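Structure data (mmCIF, C-alpha atoms) from work.cif:
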```cif
data_model
loop_
_atom_site.label_atom_id
_atom_site.label_comp_id
_atom_site.auth_asym_id
_atom_site.auth_seq_id
_atom_site.Cartn_x
_atom_site.Cartn_y
_atom_site.Cartn_z
CA MET A 1132 -24.21 -79.34 96.93
CA SER A 1133 -21.68 -76.63 96.54
CA GLY A 1134 -20.35 -74.95 93.45
CA ASP A 1135 -20.39 -76.30 89.94
CA PRO A 1136 -22.77 -79.28 89.46
CA GLY A 1137 -20.03 -80.74 87.27
CA LEU A 1138 -18.12 -81.52 90.47
CA TYR A 1139 -20.71 -84.22 91.16
CA ASP A 1140 -20.68 -85.57 87.61
CA ILE A 1141 -17.28 -87.26 87.54
CA PRO A 1142 -17.55 -91.05 87.75
CA GLY A 1143 -16.06 -92.68 90.84
CA THR A 1144 -14.78 -89.40 92.24
CA THR A 1145 -15.57 -87.41 95.39
CA VAL A 1146 -14.33 -83.86 95.07
CA PHE A 1147 -13.27 -82.55 98.49
CA THR A 1148 -15.56 -79.56 98.68
CA GLY A 1149 -16.67 -77.68 101.78
CA VAL A 1150 -19.66 -80.01 102.03
CA GLN A 1151 -17.28 -82.95 102.45
CA THR A 1152 -15.08 -81.03 104.87
CA ARG A 1153 -18.05 -80.21 107.10
CA LYS A 1154 -19.14 -83.84 107.07
CA GLY A 1155 -15.67 -85.28 107.55
CA TYR A 1156 -13.95 -82.80 109.83
CA HIS A 1157 -13.60 -85.09 112.86
CA LEU A 1158 -12.82 -88.16 110.73
CA ASN A 1159 -9.99 -86.30 109.03
CA GLN A 1160 -8.71 -84.79 112.26
CA PHE A 1161 -8.60 -88.29 113.76
CA CYS A 1162 -6.52 -89.37 110.75
CA MET A 1163 -4.25 -86.38 111.29
CA SER A 1164 -3.58 -87.50 114.86
CA LEU A 1165 -1.83 -90.58 113.41
CA ARG A 1166 1.04 -88.35 112.33
CA LEU A 1167 2.39 -88.93 115.84
CA ALA A 1168 4.07 -92.30 116.35
CA ALA A 1169 2.71 -92.62 119.90
CA ASN A 1170 -0.85 -92.22 118.59
CA ARG A 1171 -0.27 -94.84 115.90
CA VAL A 1172 0.74 -97.33 118.60
CA ARG A 1173 -2.26 -96.46 120.75
CA PHE A 1174 -4.68 -96.68 117.80
CA LEU A 1175 -3.44 -100.10 116.71
CA ALA A 1176 -3.56 -101.41 120.29
CA ASP A 1177 -7.30 -100.67 120.62
CA GLU A 1178 -8.83 -99.10 117.53
CA ARG A 1179 -12.37 -98.86 118.87
CA ALA A 1180 -11.29 -97.15 122.09
CA TYR A 1181 -9.12 -94.70 120.17
CA LEU A 1182 -11.93 -93.88 117.73
CA ASP A 1183 -14.36 -93.38 120.60
CA GLU A 1184 -12.22 -90.47 121.78
CA TRP A 1185 -13.30 -88.60 118.64
CA PRO A 1186 -16.77 -87.11 118.00
CA MET A 1187 -17.14 -89.14 114.79
CA THR A 1188 -20.34 -90.74 113.52
CA GLU A 1189 -20.73 -94.48 113.89
CA ALA A 1190 -20.66 -94.79 110.09
CA GLN A 1191 -17.29 -93.03 110.03
CA LYS A 1192 -15.93 -95.28 112.77
CA GLN A 1193 -17.15 -98.40 110.95
CA ALA A 1194 -15.54 -97.22 107.71
CA VAL A 1195 -12.22 -96.94 109.56
CA LEU A 1196 -12.56 -100.22 111.47
CA THR A 1197 -13.41 -102.16 108.29
CA ARG A 1198 -10.90 -100.20 106.16
CA ASP A 1199 -13.71 -99.44 103.72
CA TRP A 1200 -12.07 -96.50 101.99
CA ASN A 1201 -14.93 -95.76 99.63
CA ALA A 1202 -17.27 -95.54 102.63
CA ALA A 1203 -14.76 -93.29 104.38
CA LEU A 1204 -14.67 -91.00 101.30
CA ALA A 1205 -18.48 -90.88 101.25
CA GLU A 1206 -18.47 -89.96 104.94
CA GLY A 1207 -16.26 -86.94 104.29
CA GLY A 1208 -12.80 -88.49 104.42
CA ASN A 1209 -10.07 -86.97 102.31
CA ILE A 1210 -7.58 -89.29 100.65
CA TYR A 1211 -4.51 -87.48 102.00
CA PHE A 1212 -5.87 -87.76 105.53
CA LEU A 1213 -6.95 -91.39 105.04
CA ALA A 1214 -3.40 -92.04 103.86
CA LYS A 1215 -2.32 -91.62 107.50
CA ILE A 1216 -4.26 -94.84 108.21
CA PHE A 1217 -2.61 -96.54 105.20
CA ALA A 1218 0.77 -95.54 106.62
CA THR A 1219 -0.16 -96.74 110.10
CA ASP A 1220 -1.21 -100.11 108.66
CA GLY A 1221 1.78 -100.32 106.32
CA THR A 1222 -0.62 -100.38 103.36
CA SER A 1223 0.72 -99.03 100.06
CA PHE A 1224 -1.30 -96.68 97.89
CA PRO A 1225 -1.75 -99.35 95.18
CA GLU A 1226 -3.06 -101.74 97.86
CA ALA A 1227 -5.54 -99.12 99.06
CA ALA A 1228 -6.45 -98.34 95.46
CA SER A 1229 -7.16 -101.98 94.74
CA LEU A 1230 -9.74 -101.94 97.55
CA MET A 1231 -11.32 -98.72 96.25
CA THR A 1232 -11.46 -99.96 92.66
CA GLY A 1233 -12.55 -103.51 93.46
CA VAL A 1234 -9.75 -105.30 91.65
CA SER A 1235 -6.85 -107.34 92.97
CA VAL A 1236 -3.55 -105.65 93.77
CA ALA A 1237 -1.96 -107.65 90.94
CA ASP A 1238 -4.58 -106.47 88.43
CA TYR A 1239 -4.37 -102.89 89.66
CA THR A 1240 -0.58 -102.88 89.44
CA ALA A 1241 -0.76 -104.40 85.96
CA MET A 1242 -3.21 -101.67 84.89
CA MET A 1243 -0.80 -98.99 86.11
CA LEU A 1244 2.17 -100.62 84.38
CA ALA A 1245 0.13 -100.69 81.18
CA GLY A 1246 -0.36 -96.92 81.36
CA GLY A 1247 -3.11 -96.50 83.95
CA ARG A 1248 -6.87 -96.12 83.71
CA SER A 1249 -7.96 -94.46 80.49
CA PRO A 1250 -10.10 -91.34 80.87
CA GLU A 1251 -12.35 -92.60 78.05
CA GLY A 1252 -15.89 -92.94 79.44
CA GLN A 1253 -14.64 -91.71 82.82
CA ARG A 1254 -15.06 -87.96 82.40
CA SER A 1255 -18.77 -87.35 82.84
CA ILE A 1256 -21.68 -89.46 84.05
CA LYS A 1257 -24.27 -87.22 82.40
CA GLU A 1258 -22.56 -86.93 79.07
CA GLY A 1259 -21.40 -90.54 79.03
CA ARG A 1260 -17.92 -89.64 77.83
CA MET B 971 20.63 -58.23 91.91
CA ALA B 972 18.91 -61.54 92.41
CA ARG B 973 17.61 -63.13 89.23
CA ILE B 974 15.48 -66.13 88.28
CA THR B 975 17.49 -68.10 85.75
CA ALA B 976 15.46 -71.26 85.27
CA GLY B 977 12.30 -73.15 86.12
CA VAL B 978 12.01 -76.81 86.90
CA ALA B 979 8.87 -78.90 87.24
CA ALA B 980 8.56 -82.39 88.66
CA SER B 981 5.99 -84.67 90.22
CA HIS B 982 6.38 -85.42 93.92
CA VAL B 983 5.12 -88.95 94.61
CA PRO B 984 5.83 -90.35 98.12
CA ALA B 985 6.78 -93.75 96.67
CA ILE B 986 9.64 -92.08 94.78
CA GLY B 987 11.07 -90.92 98.11
CA ALA B 988 10.64 -94.40 99.57
CA ALA B 989 12.43 -95.94 96.55
CA ILE B 990 15.38 -93.57 97.04
CA ASP B 991 15.50 -94.07 100.80
CA ARG B 992 15.35 -97.88 100.42
CA ASP B 993 17.99 -98.00 97.70
CA GLN B 994 15.64 -99.23 94.96
CA VAL B 995 16.48 -96.71 92.25
CA GLY B 996 18.19 -99.34 90.09
CA THR B 997 15.32 -101.84 90.10
CA GLU B 998 13.42 -102.75 86.95
CA TYR B 999 10.38 -100.83 88.21
CA TRP B 1000 12.15 -97.61 89.19
CA LYS B 1001 15.17 -97.32 86.89
CA PRO B 1002 13.30 -95.86 83.89
CA LEU B 1003 11.89 -93.13 86.12
CA PHE B 1004 15.17 -92.13 87.74
CA ASP B 1005 17.13 -92.30 84.46
CA GLY B 1006 15.15 -89.29 83.26
CA PHE B 1007 16.59 -87.12 86.03
CA GLY B 1008 20.27 -87.85 85.33
CA TRP B 1009 20.53 -85.02 82.82
CA THR B 1010 19.07 -82.60 85.36
CA ARG B 1011 21.47 -83.64 88.13
CA ASP B 1012 24.43 -82.90 85.89
CA TRP B 1013 22.89 -79.60 84.83
CA MET B 1014 22.20 -78.65 88.47
CA SER B 1015 25.85 -79.23 89.39
CA GLU B 1016 26.86 -76.83 86.60
CA GLN B 1017 24.19 -74.24 87.37
CA ARG B 1018 24.77 -74.22 91.14
CA PRO B 1019 21.70 -72.18 92.05
CA ASP B 1020 21.95 -70.27 95.33
CA VAL B 1021 18.26 -70.43 96.16
CA VAL B 1022 15.31 -72.49 94.98
CA ILE B 1023 11.80 -71.13 95.39
CA LEU B 1024 10.04 -74.46 95.71
CA VAL B 1025 6.32 -74.44 95.03
CA TYR B 1026 4.49 -77.44 96.47
CA ASN B 1027 1.41 -78.45 98.38
CA ASP B 1028 1.29 -79.82 101.89
CA HIS B 1029 -0.52 -83.18 102.09
CA ALA B 1030 -2.24 -83.11 105.49
CA THR B 1031 1.17 -82.87 107.13
CA GLU B 1032 1.64 -79.31 108.39
CA PHE B 1033 -1.93 -78.19 107.75
CA SER B 1034 -4.88 -80.14 109.09
CA LEU B 1035 -8.44 -79.03 108.37
CA ASP B 1036 -8.03 -76.44 111.14
CA LEU B 1037 -6.10 -74.06 108.92
CA ILE B 1038 -6.02 -74.10 105.12
CA PRO B 1039 -3.98 -71.27 103.60
CA THR B 1040 -4.35 -70.87 99.85
CA PHE B 1041 -0.84 -69.44 99.48
CA ALA B 1042 1.87 -69.54 102.16
CA ILE B 1043 5.60 -68.86 102.27
CA GLY B 1044 8.22 -70.39 104.56
CA CYS B 1045 10.38 -67.68 106.14
CA ALA B 1046 12.16 -69.83 108.76
CA GLU B 1047 15.91 -70.47 109.03
CA SER B 1048 15.36 -74.16 108.34
CA PHE B 1049 12.66 -76.73 107.67
CA ALA B 1050 12.78 -80.24 109.13
CA PRO B 1051 11.45 -83.25 107.18
CA ALA B 1052 8.11 -84.21 108.74
CA ASP B 1053 6.65 -87.53 109.85
CA GLU B 1054 3.73 -88.09 107.47
CA GLY B 1055 2.62 -91.27 109.20
CA PHE B 1056 5.50 -93.58 108.27
CA GLY B 1057 8.39 -91.74 109.96
CA ALA B 1058 10.31 -88.75 108.63
CA ARG B 1059 12.37 -89.31 105.48
CA PRO B 1060 16.10 -89.71 106.24
CA VAL B 1061 17.07 -86.61 104.28
CA PRO B 1062 18.94 -83.48 105.37
CA VAL B 1063 17.19 -80.59 107.07
CA VAL B 1064 16.28 -78.00 104.44
CA GLN B 1065 18.00 -74.65 104.91
CA GLY B 1066 15.89 -71.58 104.24
CA HIS B 1067 16.84 -68.12 103.04
CA PRO B 1068 14.96 -65.93 105.52
CA ALA B 1069 16.23 -62.62 104.13
CA LEU B 1070 14.94 -63.30 100.62
CA ALA B 1071 11.86 -65.07 101.96
CA TRP B 1072 10.85 -62.06 104.04
CA HIS B 1073 11.56 -59.76 101.11
CA LEU B 1074 9.28 -61.94 98.98
CA ALA B 1075 6.55 -62.04 101.63
CA GLU B 1076 6.57 -58.28 102.08
CA SER B 1077 6.79 -57.54 98.37
CA LEU B 1078 4.04 -60.00 97.47
CA ILE B 1079 1.62 -58.70 100.09
CA LEU B 1080 2.18 -55.11 98.98
CA ASP B 1081 1.76 -56.36 95.40
CA GLU B 1082 -1.69 -57.60 96.52
CA PHE B 1083 -0.94 -61.30 96.99
CA ASP B 1084 -2.04 -62.02 100.55
CA MET B 1085 0.51 -64.61 101.61
CA THR B 1086 0.35 -66.53 104.86
CA ILE B 1087 3.75 -66.32 106.58
CA LEU B 1088 5.16 -69.51 108.10
CA ASN B 1089 7.90 -69.15 110.70
CA LYS B 1090 7.76 -72.84 111.49
CA LEU B 1091 7.16 -75.52 108.90
CA GLY B 1092 7.79 -79.25 108.70
CA VAL B 1093 8.16 -80.27 105.08
CA ASP B 1094 6.64 -83.40 103.55
CA HIS B 1095 7.32 -85.42 100.40
CA GLY B 1096 5.91 -82.60 98.29
CA LEU B 1097 9.13 -80.69 98.96
CA THR B 1098 11.67 -83.39 99.77
CA VAL B 1099 11.01 -85.73 96.83
CA PRO B 1100 11.84 -83.09 94.18
CA MET B 1101 15.00 -82.25 96.19
CA SER B 1102 16.02 -85.91 96.11
CA LEU B 1103 15.25 -86.18 92.39
CA MET B 1104 17.43 -83.17 91.54
CA PHE B 1105 20.27 -83.65 94.04
CA GLY B 1106 20.35 -87.33 95.00
CA GLN B 1107 21.44 -88.19 98.53
CA PRO B 1108 23.96 -85.56 99.69
CA GLU B 1109 24.99 -85.01 103.31
CA THR B 1110 23.57 -81.50 103.09
CA TRP B 1111 21.41 -79.98 100.38
CA PRO B 1112 23.47 -77.78 98.05
CA VAL B 1113 20.89 -74.97 97.88
CA LYS B 1114 18.81 -72.83 100.17
CA VAL B 1115 15.08 -73.25 99.74
CA ILE B 1116 12.12 -70.94 100.09
CA PRO B 1117 8.99 -73.09 100.31
CA VAL B 1118 5.88 -71.64 98.68
CA LEU B 1119 2.84 -73.68 99.64
CA VAL B 1120 -0.37 -73.85 97.64
CA ASN B 1121 -3.57 -75.45 98.87
CA ALA B 1122 -4.30 -78.45 96.65
CA VAL B 1123 -6.18 -80.57 99.21
CA GLN B 1124 -9.33 -78.56 99.92
CA TYR B 1125 -11.44 -77.71 96.87
CA PRO B 1126 -10.97 -75.23 95.35
CA PRO B 1127 -7.26 -74.67 94.90
CA PRO B 1128 -6.39 -71.25 93.46
CA THR B 1129 -7.02 -70.91 89.73
CA GLY B 1130 -4.26 -71.47 87.24
CA ASN B 1131 -4.54 -67.84 86.22
CA ARG B 1132 -4.04 -66.67 89.80
CA CYS B 1133 -1.06 -68.99 90.16
CA TRP B 1134 0.47 -67.55 87.00
CA ALA B 1135 -0.01 -64.01 88.31
CA LEU B 1136 1.61 -64.97 91.63
CA GLY B 1137 4.56 -66.29 89.64
CA GLU B 1138 4.86 -62.95 87.86
CA ALA B 1139 4.78 -61.16 91.22
CA ILE B 1140 7.46 -63.49 92.60
CA ALA B 1141 9.67 -62.61 89.62
CA ARG B 1142 9.20 -58.88 90.30
CA ALA B 1143 10.04 -59.38 93.97
CA VAL B 1144 13.16 -61.44 93.24
CA ALA B 1145 14.37 -58.81 90.78
CA SER B 1146 14.16 -56.13 93.48
CA PHE B 1147 16.30 -58.05 96.00
CA ASP B 1148 19.66 -56.38 96.30
CA GLU B 1149 21.97 -59.35 96.49
CA ASP B 1150 23.58 -61.25 93.64
CA LEU B 1151 21.74 -64.56 93.75
CA ASN B 1152 21.09 -67.23 91.15
CA VAL B 1153 17.50 -68.21 91.88
CA GLN B 1154 15.50 -71.06 90.40
CA ILE B 1155 11.79 -71.63 90.77
CA TRP B 1156 10.38 -75.14 90.85
CA GLY B 1157 6.77 -76.14 90.32
CA THR B 1158 5.91 -79.57 91.69
CA GLY B 1159 3.03 -82.04 91.79
CA GLY B 1160 0.98 -83.62 89.02
CA MET B 1161 0.87 -84.86 86.40
CA SER B 1162 -2.35 -86.80 85.83
CA HIS B 1163 -3.27 -89.00 88.77
CA GLN B 1164 -6.20 -89.95 90.93
CA LEU B 1165 -5.65 -91.59 94.29
CA GLN B 1166 -9.24 -91.93 95.48
CA GLY B 1167 -12.41 -93.86 94.75
CA PRO B 1168 -13.41 -96.26 91.97
CA ARG B 1169 -11.71 -94.03 89.34
CA ALA B 1170 -8.31 -94.31 91.11
CA GLY B 1171 -5.45 -94.98 88.74
CA LEU B 1172 -6.61 -92.55 86.06
CA ILE B 1173 -3.77 -91.46 83.79
CA ASN B 1174 -4.19 -89.16 80.81
CA THR B 1175 -0.98 -89.16 78.83
CA PRO B 1176 -2.28 -87.03 75.91
CA PHE B 1177 -3.38 -84.34 78.39
CA ASP B 1178 -0.01 -84.45 80.15
CA ILE B 1179 2.05 -84.28 76.96
CA ALA B 1180 -0.05 -81.37 75.70
CA PHE B 1181 0.51 -79.60 79.04
CA LEU B 1182 4.27 -80.08 78.75
CA ASP B 1183 4.21 -78.85 75.14
CA ARG B 1184 2.15 -75.78 75.92
CA LEU B 1185 4.53 -74.61 78.66
CA THR B 1186 6.60 -73.29 75.76
CA SER B 1187 4.28 -73.29 72.73
CA ASP B 1188 1.12 -71.74 74.18
CA PRO B 1189 1.58 -71.03 77.90
CA HIS B 1190 -1.23 -68.49 78.21
CA ALA B 1191 -3.75 -71.14 77.17
CA LEU B 1192 -2.79 -73.11 80.30
CA ARG B 1193 -3.92 -70.21 82.48
CA LYS B 1194 -7.49 -70.72 81.29
CA ILE B 1195 -7.91 -74.42 82.11
CA PRO B 1196 -10.90 -74.57 84.49
CA HIS B 1197 -10.75 -76.70 87.62
CA LEU B 1198 -13.43 -79.03 86.29
CA GLU B 1199 -11.28 -79.81 83.26
CA TYR B 1200 -8.31 -80.73 85.45
CA LEU B 1201 -10.58 -82.95 87.58
CA ARG B 1202 -12.15 -84.68 84.58
CA GLU B 1203 -9.04 -85.01 82.43
CA ALA B 1204 -6.11 -85.23 84.86
CA GLY B 1205 -7.77 -86.87 87.87
CA SER B 1206 -8.82 -85.47 91.21
CA GLU B 1207 -5.20 -85.07 92.34
CA GLY B 1208 -3.92 -83.95 88.91
CA ILE B 1209 -5.22 -80.49 89.73
CA GLU B 1210 -1.86 -80.00 91.48
CA LEU B 1211 -0.68 -78.92 88.01
CA VAL B 1212 -1.83 -75.37 88.78
CA MET B 1213 1.38 -75.11 90.82
CA TRP B 1214 3.46 -75.52 87.69
CA LEU B 1215 1.92 -72.27 86.46
CA ILE B 1216 3.47 -70.31 89.34
CA MET B 1217 6.82 -71.53 88.03
CA ARG B 1218 5.93 -70.73 84.43
CA GLY B 1219 4.49 -67.31 85.27
CA ALA B 1220 7.72 -66.40 87.05
CA LEU B 1221 9.89 -67.13 84.01
CA GLY B 1222 8.53 -64.40 81.76
CA PRO B 1223 7.75 -64.61 78.06
CA GLY B 1224 10.98 -66.06 76.72
CA VAL B 1225 11.86 -69.59 77.78
CA LYS B 1226 13.72 -72.45 76.22
CA GLU B 1227 13.00 -76.08 76.98
CA LEU B 1228 16.27 -77.75 77.96
CA HIS B 1229 15.05 -81.15 79.07
CA ARG B 1230 11.93 -83.20 79.58
CA HIS B 1231 11.01 -86.59 80.94
CA TYR B 1232 7.67 -88.37 81.20
CA HIS B 1233 7.11 -91.74 82.79
CA VAL B 1234 4.11 -93.86 83.81
CA PRO B 1235 3.74 -95.08 86.49
CA ALA B 1236 5.22 -94.12 89.80
CA SER B 1237 2.81 -95.92 92.06
CA ASN B 1238 -0.49 -94.28 90.95
CA THR B 1239 0.96 -91.28 89.17
CA ALA B 1240 2.19 -90.04 85.81
CA VAL B 1241 5.54 -88.43 86.47
CA GLY B 1242 6.36 -85.35 84.43
CA HIS B 1243 9.55 -83.35 84.53
CA ILE B 1244 10.68 -80.34 82.53
CA VAL B 1245 13.57 -77.87 82.72
CA LEU B 1246 13.03 -74.40 81.28
CA ALA B 1247 15.74 -71.74 80.98
CA VAL B 1248 14.93 -68.03 80.94
CA GLU B 1249 15.89 -66.44 77.64
CA PRO B 1250 16.65 -62.76 78.24
#
```
Starting from the file, give its structure as structure tokens.
Amino acid sequence: MSGDPGLYDIPGTTVFTGVQTRKGYHLNQFCMSLRLAANRVRFLADERAYLDEWPMTEAQKQAVLTRDWNAALAEGGNIYFLAKIFATDGTSFPEAASLMTGVSVADYTAMMLAGGRSPEGQRSIKEGR
Amino acid sequence: MARITAGVAASHVPAIGAAIDRDQVGTEYWKPLFDGFGWTRDWMSEQRPDVVILVYNDHATEFSLDLIPTFAIGCAESFAPADEGFGARPVPVVQGHPALAWHLAESLILDEFDMTILNKLGVDHGLTVPMSLMFGQPETWPVKVIPVLVNAVQYPPPTGNRCWALGEAIARAVASFDEDLNVQIWGTGGMSHQLQGPRAGLINTPFDIAFLDRLTSDPHALRKIPHLEYLREAGSEGIELVMWLIMRGALGPGVKELHRHYHVPASNTAVGHIVLAVEP
């Protein structure tokens, strides 16, 4: 843990603290490499081989290979870095969000059009508010 | 002398840039968002600022986890739009103002704000989307831009209070630049949004509206919002709102709200926009 315990008390949220950065450094730097078009091509041609060039944990590699974004967040991924994979795949943010929130893209999009997710009950696990 | 005449705030969602670049601004989904910037485009063409100090955060574009400056300033002659993973946006290269930028960097450091100096910088949607919102799709951008970058990726970003104080120092530095320039300062990012995890999609309209209101009614209260409150109330990415306080701090005590627009959603985000004029 680092810093305010409140950082760990927000439902469904991983705050990108130094703890996460230490855990996810290589995962995020791999994501960063996808800023280059040539690397995007090489990654898509053989994802496993490309990932094996990076000193990532097997859990991190599996999170990428299965596009399990919540697992990638737990393994130290940062959403702005993971977004390089979304862009490589041609996945929109709402599509990625539907996977992270466990609802269909249609339902997620409808929720956003209706004003988004209410903060009610989503502020604090401990305080239940 | 150079003078800051106005402050502008706007969200900087990548999907807004994509909608502009793909000619979708008139669609049912996007039209209500873009309509709220029409007033500002007209106003910009009357105001004709010489320089915009554009406060934004890099989104894993220029800065990886190898180097994470809390505050940085772009002093280069120009700044090319960067490839963020889906190709660079087809927008003009951004022209800098190196003379004023270096004056700001030197003044701020001597004023005890330890800026990182960037002589090369590719700019991402955080900078180019607000430019597109304010100026549309010109052949060349009608203003010079000094990028001021704030870390909003790695926790913790600077506090709102520190951002406000940096804004005040920027205003002092601009006022001591010996050239007659009409300077605007823009704060970008926000408003409430969360892009990650099972809580993705969080929007807090009452929080956002109160934030917009307090920029004029009670701005000093905004300086005291703790990070945890931004995270809980405005979402994990809503903490970008601290950057608006650099803009507000630079405007001084007397401001007048000229225009505001609020729209949900742009992709995952609540889009807020406000134009504040300095009242001498």
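Neighbouring residues of A:Val1172 at 12 Å or closer, counting only C-alpha atoms and skipping chain neighbours under 2 positions away, are A:Ser1164, A:Leu1165, A:Arg1166, A:Leu1167, A:Ala1168, A:Ala1169, A:Asn1170, A:Phe1174, A:Leu1175, A:Ala1176, A:Asp1177, A:Glu1178, A:Tyr1181, A:Ile1216, A:Thr1219, A:Asp1220, B:Gly1055, B:Phe1056.
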For the structure provided, state which residues fall under the PyMOL selection byres ((chain B and resi 1083) around 12), and present them as a ChimeraX atom specification. /B:1040-1043,1074-1082,1084-1087,1128,1132-1140,1143
Residues of chain B were defined as contacting chain A if any atom lay at most 8 Å from it, counting only C-alpha atoms; please report them as an mmCIF file with C-alpha atoms, keeping the file's coordinate frame.
```
data_model
loop_
_atom_site.group_PDB
_atom_site.id
_atom_site.type_symbol
_atom_site.label_atom_id
_atom_site.label_comp_id
_atom_site.auth_asym_id
_atom_site.auth_seq_id
_atom_site.Cartn_x
_atom_site.Cartn_y
_atom_site.Cartn_z
ATOM 1 C CA HIS B 1029 -0.520 -83.180 102.090
ATOM 2 C CA ALA B 1030 -2.240 -83.110 105.490
ATOM 3 C CA THR B 1031 1.170 -82.870 107.130
ATOM 4 C CA SER B 1034 -4.880 -80.140 109.090
ATOM 5 C CA LEU B 1035 -8.440 -79.030 108.370
ATOM 6 C CA ASP B 1053 6.650 -87.530 109.850
ATOM 7 C CA GLU B 1054 3.730 -88.090 107.470
ATOM 8 C CA GLY B 1055 2.620 -91.270 109.200
ATOM 9 C CA PHE B 1056 5.500 -93.580 108.270
ATOM 10 C CA GLY B 1057 8.390 -91.740 109.960
ATOM 11 C CA VAL B 1123 -6.180 -80.570 99.210
ATOM 12 C CA GLN B 1124 -9.330 -78.560 99.920
ATOM 13 C CA TYR B 1125 -11.440 -77.710 96.870
ATOM 14 C CA PRO B 1126 -10.970 -75.230 95.350
ATOM 15 C CA LEU B 1165 -5.650 -91.590 94.290
ATOM 16 C CA GLN B 1166 -9.240 -91.930 95.480
ATOM 17 C CA GLY B 1167 -12.410 -93.860 94.750
ATOM 18 C CA PRO B 1168 -13.410 -96.260 91.970
ATOM 19 C CA ARG B 1169 -11.710 -94.030 89.340
ATOM 20 C CA ALA B 1170 -8.310 -94.310 91.110
ATOM 21 C CA GLY B 1171 -5.450 -94.980 88.740
ATOM 22 C CA LEU B 1172 -6.610 -92.550 86.060
ATOM 23 C CA ILE B 1173 -3.770 -91.460 83.790
ATOM 24 C CA ASN B 1174 -4.190 -89.160 80.810
ATOM 25 C CA LEU B 1198 -13.430 -79.030 86.290
ATOM 26 C CA LEU B 1201 -10.580 -82.950 87.580
ATOM 27 C CA ARG B 1202 -12.150 -84.680 84.580
ATOM 28 C CA GLU B 1203 -9.040 -85.010 82.430
ATOM 29 C CA SER B 1206 -8.820 -85.470 91.210
ATOM 30 C CA VAL B 1234 4.110 -93.860 83.810
ATOM 31 C CA PRO B 1235 3.740 -95.080 86.490
ATOM 32 C CA SER B 1237 2.810 -95.920 92.060
ATOM 33 C CA ASN B 1238 -0.490 -94.280 90.950
#
```
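When the distance limit is 9 Å and all atoms listed in the file are what count, the residues near B:Ile1155, minus those fewer than 2 positions from it on the same chain, are Ile974, Thr975, Ala976, Gly977, Val978, Ala979, Val1021, Val1022, Ile1023, Leu1024, Val1025, Val1153, Gly1157, Ile1216, Met1217, Arg1218, Ala1220 and Leu1221 of chain B.
Checking A:Ala1237, A:Leu1158, A:Arg1260, A:Lys1192 one by one against A:Ala1180, counting only C-alpha atoms, you find the shortest gap at A:Lys1192.
The interatomic distance for the pair atom CA of B:Gln1065 and atom CA of B:Gly1044 works out to 10.7 Å.
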Would you list the contacts of B:Phe1007 as a PyMOL selection string, taking every protein, DNA or RNA residue within 8 Å and counting only C-alpha atoms, but skipping same-chain residues closer than 2 positions in sequence? chain B and resi 1003-1005+1009-1011+1103-1104+1231
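If you measure from each of A:Glu1258, A:Trp1185, A:Gly1252, A:Thr1222 to B:Ala985 using only C-alpha atoms, the closest one turns out to be A:Thr1222.
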Measure the distance from atom CA of B:Pro1100 to atom CA of B:Gly996 in Å and round it to one decimal. 17.9 Å
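What the PyMOL selection byres ((chain B and resi 1188-1195) around 10) matches in the given file is Thr1129, Gly1130, Asn1131, Arg1132, Cys1133, Trp1134, Ala1135, Ala1180, Phe1181, Leu1182, Asp1183, Arg1184, Leu1185, Thr1186, Ser1187, Pro1196, His1197, Leu1198, Glu1199, Tyr1200, Leu1211, Val1212, Trp1214, Leu1215, Arg1218, Gly1219 and Pro1223 of chain B.
Here atom CA of B:Asp1094 is placed at a distance of 24.0 Å from atom CA of A:Val1195.
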From the list A:Tyr1139, A:Asp1183, A:Ile1256, A:Phe1161, which residue is nearest A:Gly1208 when using only C-alpha atoms? A:Phe1161
My list of candidates is B:Asp1036, B:Glu998, B:Asp991, B:Glu1227. Which is closest to B:Arg1059 when distances are computed with only C-alpha atoms? B:Asp991
Only N, CA and C atoms, as a tab-separated table (two decimals), in the first residue's frame: that is what I want for stretch 1092-1099 of chain B.
```
chain	number	residue	atom	x	y	z
B	1092	GLY	N	6.16	15.88	-29.08
B	1092	GLY	CA	5.03	15.53	-29.93
B	1092	GLY	C	3.77	15.71	-29.11
B	1093	VAL	N	2.75	16.29	-29.69
B	1093	VAL	CA	1.56	16.63	-28.91
B	1093	VAL	C	0.42	15.67	-29.23
B	1094	ASP	N	-0.29	15.25	-28.19
B	1094	ASP	CA	-1.38	14.29	-28.39
B	1094	ASP	C	-2.74	14.98	-28.32
B	1095	HIS	N	-3.80	14.17	-28.22
B	1095	HIS	CA	-5.16	14.74	-28.27
B	1095	HIS	C	-5.40	15.74	-27.15
B	1096	GLY	N	-4.65	15.61	-26.06
B	1096	GLY	CA	-4.83	16.55	-24.95
B	1096	GLY	C	-4.64	17.99	-25.39
B	1097	LEU	N	-3.77	18.20	-26.35
B	1097	LEU	CA	-3.53	19.55	-26.88
B	1097	LEU	C	-4.32	19.81	-28.16
B	1098	THR	N	-4.35	18.81	-29.05
B	1098	THR	CA	-4.92	19.09	-30.38
B	1098	THR	C	-6.45	19.13	-30.38
B	1099	VAL	N	-7.09	18.37	-29.48
B	1099	VAL	CA	-8.57	18.39	-29.48
B	1099	VAL	C	-9.11	19.76	-29.05
```
